[in-house]
$ cat input-v1.cif   # mmCIF, C-alpha atoms, pLDDT in the B column; chains and numbers go by the auth columns
data_run
#
loop_
_atom_site.group_PDB
_atom_site.id
_atom_site.type_symbol
_atom_site.label_atom_id
_atom_site.label_comp_id
_atom_site.label_asym_id
_atom_site.label_seq_id
_atom_site.Cartn_x
_atom_site.Cartn_y
_atom_site.Cartn_z
_atom_site.B_iso_or_equiv
_atom_site.auth_seq_id
_atom_site.auth_asym_id
ATOM 1 C CA MET A 1 8.944 -0.902 27.518 48.00 1 A
ATOM 2 C CA ILE A 2 9.269 -2.837 24.257 48.00 2 A
ATOM 3 C CA GLY A 3 7.533 -5.836 25.793 47.00 3 A
ATOM 4 C CA SER A 4 4.623 -3.719 27.010 46.00 4 A
ATOM 5 C CA LYS A 5 4.213 -2.119 23.572 43.00 5 A
ATOM 6 C CA THR A 6 4.193 -5.555 21.961 42.00 6 A
ATOM 7 C CA GLU A 7 1.609 -6.805 24.446 46.00 7 A
ATOM 8 C CA GLU A 8 -0.490 -3.674 23.892 44.00 8 A
ATOM 9 C CA ARG A 9 -0.324 -4.233 20.128 43.00 9 A
ATOM 10 C CA LYS A 10 -1.334 -7.895 20.539 44.00 10 A
ATOM 11 C CA SER A 11 -4.268 -6.995 22.759 44.00 11 A
ATOM 12 C CA LEU A 12 -5.386 -4.372 20.246 44.00 12 A
ATOM 13 C CA VAL A 13 -5.177 -6.876 17.408 46.00 13 A
ATOM 14 C CA ASP A 14 -6.982 -9.471 19.554 46.00 14 A
ATOM 15 C CA SER A 15 -9.719 -7.013 20.527 45.00 15 A
ATOM 16 C CA ASN A 16 -10.154 -6.032 16.888 48.00 16 A
ATOM 17 C CA ALA A 17 -10.358 -9.695 15.988 42.00 17 A
ATOM 18 C CA GLN A 18 -13.000 -10.305 18.654 43.00 18 A
ATOM 19 C CA SER A 19 -15.171 -7.434 17.461 47.00 19 A
ATOM 20 C CA SER A 20 -15.072 -8.642 13.863 51.00 20 A
ATOM 21 C CA PRO A 21 -16.826 -11.617 12.283 61.00 21 A
ATOM 22 C CA VAL A 22 -13.463 -13.248 11.486 69.00 22 A
ATOM 23 C CA ALA A 23 -12.146 -15.903 13.893 76.00 23 A
ATOM 24 C CA ALA A 24 -8.849 -15.193 15.707 74.00 24 A
ATOM 25 C CA PRO A 25 -6.718 -17.754 13.772 75.00 25 A
ATOM 26 C CA ASP A 26 -8.081 -16.396 10.495 92.00 26 A
ATOM 27 C CA MET A 27 -7.394 -12.840 11.647 93.00 27 A
ATOM 28 C CA LYS A 28 -3.726 -13.674 12.307 95.00 28 A
ATOM 29 C CA ARG A 29 -3.496 -15.231 8.848 96.00 29 A
ATOM 30 C CA LEU A 30 -5.093 -12.156 7.279 97.00 30 A
ATOM 31 C CA VAL A 31 -2.722 -9.840 9.165 97.00 31 A
ATOM 32 C CA ASN A 32 0.156 -11.904 7.748 97.00 32 A
ATOM 33 C CA VAL A 33 -1.306 -11.630 4.240 98.00 33 A
ATOM 34 C CA THR A 34 -1.550 -7.856 4.692 98.00 34 A
ATOM 35 C CA GLN A 35 2.089 -7.780 5.870 98.00 35 A
ATOM 36 C CA ILE A 36 3.109 -9.697 2.744 98.00 36 A
ATOM 37 C CA ILE A 37 1.222 -7.239 0.530 98.00 37 A
ATOM 38 C CA TYR A 38 3.028 -4.287 2.130 98.00 38 A
ATOM 39 C CA ALA A 39 6.322 -6.182 1.737 98.00 39 A
ATOM 40 C CA LEU A 40 5.657 -6.743 -1.977 98.00 40 A
ATOM 41 C CA HIS A 41 4.935 -3.047 -2.480 97.00 41 A
ATOM 42 C CA ALA A 42 8.045 -2.116 -0.473 97.00 42 A
ATOM 43 C CA PHE A 43 10.130 -4.514 -2.577 97.00 43 A
ATOM 44 C CA SER A 44 8.868 -2.767 -5.729 96.00 44 A
ATOM 45 C CA LEU A 45 9.791 0.611 -4.268 96.00 45 A
ATOM 46 C CA LEU A 46 13.232 -0.647 -3.290 95.00 46 A
ATOM 47 C CA THR A 47 13.731 -2.025 -6.799 94.00 47 A
ATOM 48 C CA GLY A 48 12.928 1.417 -8.183 94.00 48 A
ATOM 49 C CA ILE A 49 15.268 3.144 -5.753 93.00 49 A
ATOM 50 C CA ILE A 50 18.350 0.958 -6.227 93.00 50 A
ATOM 51 C CA GLY A 51 17.703 -0.544 -9.659 89.00 51 A
ATOM 52 C CA ALA A 52 17.605 0.729 -13.192 83.00 52 A
ATOM 53 C CA ALA A 53 13.843 1.334 -13.023 82.00 53 A
ATOM 54 C CA THR A 54 12.227 4.417 -11.537 92.00 54 A
ATOM 55 C CA ILE A 55 10.237 4.286 -8.309 94.00 55 A
ATOM 56 C CA ILE A 56 7.028 4.935 -10.228 94.00 56 A
ATOM 57 C CA GLY A 57 7.822 2.420 -12.949 94.00 57 A
ATOM 58 C CA ALA A 58 8.742 -0.295 -10.481 95.00 58 A
ATOM 59 C CA PHE A 59 5.658 0.344 -8.332 95.00 59 A
ATOM 60 C CA LEU A 60 3.125 0.396 -11.165 95.00 60 A
ATOM 61 C CA THR A 61 4.608 -2.193 -13.518 94.00 61 A
ATOM 62 C CA GLY A 62 6.819 -4.352 -11.300 94.00 62 A
ATOM 63 C CA TRP A 63 5.588 -7.874 -10.646 96.00 63 A
ATOM 64 C CA PRO A 64 5.647 -7.532 -6.832 97.00 64 A
ATOM 65 C CA SER A 65 3.150 -4.656 -6.821 96.00 65 A
ATOM 66 C CA ILE A 66 0.969 -6.251 -9.471 97.00 66 A
ATOM 67 C CA ILE A 67 0.870 -9.482 -7.452 98.00 67 A
ATOM 68 C CA ALA A 68 0.080 -7.417 -4.334 98.00 68 A
ATOM 69 C CA VAL A 69 -2.905 -5.720 -5.987 98.00 69 A
ATOM 70 C CA ILE A 70 -4.200 -9.058 -7.294 98.00 70 A
ATOM 71 C CA VAL A 71 -3.942 -10.547 -3.780 98.00 71 A
ATOM 72 C CA ASN A 72 -5.758 -7.451 -2.449 98.00 72 A
ATOM 73 C CA TYR A 73 -8.692 -8.127 -4.732 98.00 73 A
ATOM 74 C CA VAL A 74 -8.701 -11.903 -4.152 98.00 74 A
ATOM 75 C CA LYS A 75 -8.618 -11.591 -0.334 97.00 75 A
ATOM 76 C CA ARG A 76 -10.767 -8.460 -0.076 97.00 76 A
ATOM 77 C CA SER A 77 -13.959 -10.350 0.789 96.00 77 A
ATOM 78 C CA GLU A 78 -12.193 -12.149 3.655 96.00 78 A
ATOM 79 C CA VAL A 79 -11.290 -8.885 5.409 96.00 79 A
ATOM 80 C CA ARG A 80 -14.662 -7.205 4.846 95.00 80 A
ATOM 81 C CA GLY A 81 -16.024 -5.932 8.154 94.00 81 A
ATOM 82 C CA THR A 82 -12.644 -6.031 9.929 95.00 82 A
ATOM 83 C CA TRP A 83 -10.080 -3.339 10.638 96.00 83 A
ATOM 84 C CA LEU A 84 -7.910 -4.887 7.903 97.00 84 A
ATOM 85 C CA GLU A 85 -10.441 -3.794 5.296 97.00 85 A
ATOM 86 C CA SER A 86 -9.108 -0.255 5.686 97.00 86 A
ATOM 87 C CA HIS A 87 -5.579 -1.469 4.880 98.00 87 A
ATOM 88 C CA PHE A 88 -6.750 -3.261 1.766 98.00 88 A
ATOM 89 C CA ARG A 89 -8.604 -0.133 0.638 98.00 89 A
ATOM 90 C CA TRP A 90 -5.455 1.931 1.400 98.00 90 A
ATOM 91 C CA GLN A 91 -3.256 -0.399 -0.640 98.00 91 A
ATOM 92 C CA ILE A 92 -5.638 -0.608 -3.599 98.00 92 A
ATOM 93 C CA ARG A 93 -6.183 3.148 -3.685 97.00 93 A
ATOM 94 C CA THR A 94 -2.451 3.789 -3.507 97.00 94 A
ATOM 95 C CA PHE A 95 -1.939 1.738 -6.655 97.00 95 A
ATOM 96 C CA TRP A 96 -4.886 3.084 -8.675 97.00 96 A
ATOM 97 C CA PHE A 97 -4.576 6.751 -7.680 97.00 97 A
ATOM 98 C CA GLY A 98 -0.849 6.576 -8.442 96.00 98 A
ATOM 99 C CA LEU A 99 -1.628 5.120 -11.853 97.00 99 A
ATOM 100 C CA LEU A 100 -4.180 7.881 -12.430 97.00 100 A
ATOM 101 C CA TRP A 101 -1.704 10.671 -11.594 96.00 101 A
ATOM 102 C CA VAL A 102 1.059 9.135 -13.698 96.00 102 A
ATOM 103 C CA SER A 103 -1.362 8.719 -16.619 96.00 103 A
ATOM 104 C CA LEU A 104 -2.428 12.357 -16.337 95.00 104 A
ATOM 105 C CA CYS A 105 1.227 13.441 -16.359 94.00 105 A
ATOM 106 C CA MET A 106 1.896 11.306 -19.429 94.00 106 A
ATOM 107 C CA LEU A 107 -1.151 12.740 -21.210 95.00 107 A
ATOM 108 C CA PHE A 108 0.110 16.216 -20.420 94.00 108 A
ATOM 109 C CA VAL A 109 3.459 15.369 -22.001 92.00 109 A
ATOM 110 C CA VAL A 110 1.756 13.917 -25.097 93.00 110 A
ATOM 111 C CA PHE A 111 -0.627 16.855 -25.534 93.00 111 A
ATOM 112 C CA THR A 112 2.204 19.361 -25.208 93.00 112 A
ATOM 113 C CA LEU A 113 4.208 17.434 -27.827 90.00 113 A
ATOM 114 C CA GLY A 114 6.912 16.568 -25.322 87.00 114 A
ATOM 115 C CA ILE A 115 7.481 20.085 -24.034 91.00 115 A
ATOM 116 C CA GLY A 116 5.503 19.173 -20.888 89.00 116 A
ATOM 117 C CA LEU A 117 8.308 16.794 -19.942 87.00 117 A
ATOM 118 C CA LEU A 118 10.174 19.836 -18.636 90.00 118 A
ATOM 119 C CA ILE A 119 7.381 20.288 -16.059 92.00 119 A
ATOM 120 C CA ALA A 120 5.988 16.752 -15.646 91.00 120 A
ATOM 121 C CA TRP A 121 8.958 15.496 -13.654 92.00 121 A
ATOM 122 C CA ILE A 122 7.822 17.606 -10.669 94.00 122 A
ATOM 123 C CA PRO A 123 4.437 15.887 -10.133 94.00 123 A
ATOM 124 C CA LEU A 124 6.022 12.526 -11.001 94.00 124 A
ATOM 125 C CA GLY A 125 8.589 13.087 -8.251 94.00 125 A
ATOM 126 C CA ILE A 126 5.783 13.956 -5.845 96.00 126 A
ATOM 127 C CA VAL A 127 3.957 10.740 -6.794 96.00 127 A
ATOM 128 C CA ALA A 128 7.139 8.726 -6.130 96.00 128 A
ATOM 129 C CA VAL A 129 7.472 10.237 -2.651 97.00 129 A
ATOM 130 C CA TRP A 130 3.722 9.697 -2.115 97.00 130 A
ATOM 131 C CA PHE A 131 4.129 5.965 -2.902 97.00 131 A
ATOM 132 C CA ILE A 132 6.887 5.657 -0.311 97.00 132 A
ATOM 133 C CA TYR A 133 4.813 7.584 2.243 98.00 133 A
ATOM 134 C CA ARG A 134 1.673 5.472 1.676 98.00 134 A
ATOM 135 C CA VAL A 135 3.493 2.143 1.985 98.00 135 A
ATOM 136 C CA ALA A 136 5.446 3.249 5.070 98.00 136 A
ATOM 137 C CA ARG A 137 2.445 4.808 6.842 98.00 137 A
ATOM 138 C CA GLY A 138 0.209 1.825 6.136 98.00 138 A
ATOM 139 C CA TRP A 139 2.772 -0.748 7.192 98.00 139 A
ATOM 140 C CA LEU A 140 3.539 1.120 10.429 98.00 140 A
ATOM 141 C CA ALA A 141 -0.173 1.347 11.247 98.00 141 A
ATOM 142 C CA LEU A 142 -0.600 -2.366 10.556 98.00 142 A
ATOM 143 C CA ASN A 143 2.290 -3.166 12.892 97.00 143 A
ATOM 144 C CA ASP A 144 0.586 -1.077 15.581 97.00 144 A
ATOM 145 C CA GLY A 145 -2.730 -2.836 14.983 96.00 145 A
ATOM 146 C CA ARG A 146 -4.426 0.380 13.821 97.00 146 A
ATOM 147 C CA PRO A 147 -6.828 0.736 10.894 97.00 147 A
ATOM 148 C CA MET A 148 -6.137 3.260 8.167 97.00 148 A
ATOM 149 C CA PRO A 149 -8.229 6.415 7.775 94.00 149 A
ATOM 150 C CA LEU A 150 -10.973 6.447 5.163 83.00 150 A
ATOM 151 C CA ALA A 151 -9.259 9.076 2.997 63.00 151 A
#
$ encode --input "input-v1.cif" --output "structure tokens"
Amino acid sequence: MIGSKTEERKSLVDSNAQSSPVAAPDMKRLVNVTQIIYALHAFSLLTGIIGAATIIGAFLTGWPSIIAVIVNYVKRSEVRGTWLESHFRWQIRTFWFGLLWVSLCMLFVVFTLGIGLLIAWIPLGIVAVWFIYRVARGWLALNDGRPMPLA
């Protein structure tokens, strides 16, 4: 059963590679790059979970996630027109939308002269869980050879 799932995944990745303008060896390299980007984001999350930093702080300001977003932008043109483009979009949007929500929470705290801190921890906690969800869902889809949805 495991062997058949692996073969099915390989054939899906191969068929996606054949339908895209990227050659098969390049597609394997780009899948590996995408794996590394998810691993960098996951490492940031893990640092926030077990370290002194928060999940949000580690994801948005930790060097692994910042390197991951830079690699996303540098390699973005290479995945254009392939199923991996959806993963790059997913990863980039996770970072920037997370930064947007955290910034809005911080502005709320500033504009309420700190009183908003009593409430702001709730959406910040939701954003932390959302980061974990986005990295896990994207990485699992990549391992299955599936593109990410547009949303």
$ resolve_selection --input "input-v1.cif" --expression "the PyMOL selection byres ((chain A and resi 76) around 12)" --output "PyMOL selection string"
chain A and resi 30+33-34+68-75+77-92
$ atom_distance --input "input-v1.cif" --atom1 "atom CA of A:Ala58" --atom2 "atom CA of A:Gly98"
12.0 Å
$ atom_distance --input "input-v1.cif" --atom1 "atom CA of A:Pro149" --atom2 "atom CA of A:Thr94"
12.9 Å
$ atom_distance --input "input-v1.cif" --atom1 "atom CA of A:Pro64" --atom2 "atom CA of A:Pro25"
26.1 Å
$ residues_around --input "input-v1.cif" --residues "stretch 113-127 of chain A" --least-positions-apart "3" --cutoff "8 Å" --atoms "only C-alpha atoms" --output "CSV table (one decimal) with C-alpha atoms, in the coordinates of the input"
chain,number,residue,atom,x,y,z
A,56,ILE,CA,7.0,4.9,-10.2
A,98,GLY,CA,-0.8,6.6,-8.4
A,101,TRP,CA,-1.7,10.7,-11.6
A,102,VAL,CA,1.1,9.1,-13.7
A,105,CYS,CA,1.2,13.4,-16.4
A,106,MET,CA,1.9,11.3,-19.4
A,108,PHE,CA,0.1,16.2,-20.4
A,109,VAL,CA,3.5,15.4,-22.0
A,110,VAL,CA,1.8,13.9,-25.1
A,130,TRP,CA,3.7,9.7,-2.1
A,131,PHE,CA,4.1,6.0,-2.9
$ closest_residue --input "input-v1.cif" --among "A:Gln35, A:Ile66, A:Met148, A:Leu104" --to "A:Arg134" --atoms "only C-alpha atoms"
A:Met148
$ resolve_selection --input "input-v1.cif" --expression "the PyMOL selection byres ((chain A and resi 41) around 8)" --output "list in words"
Ile37, Tyr38, Ala39, Leu40, Ala42, Phe43, Ser44, Leu45, Phe59, Pro64, Ser65, Ala68 and Val135 of chain A
$ closest_residue --input "input-v1.cif" --among "A:Gly62, A:Lys28, A:Gly51, A:Arg93" --to "A:Gly138" --atoms "all atoms listed in the file"
A:Arg93
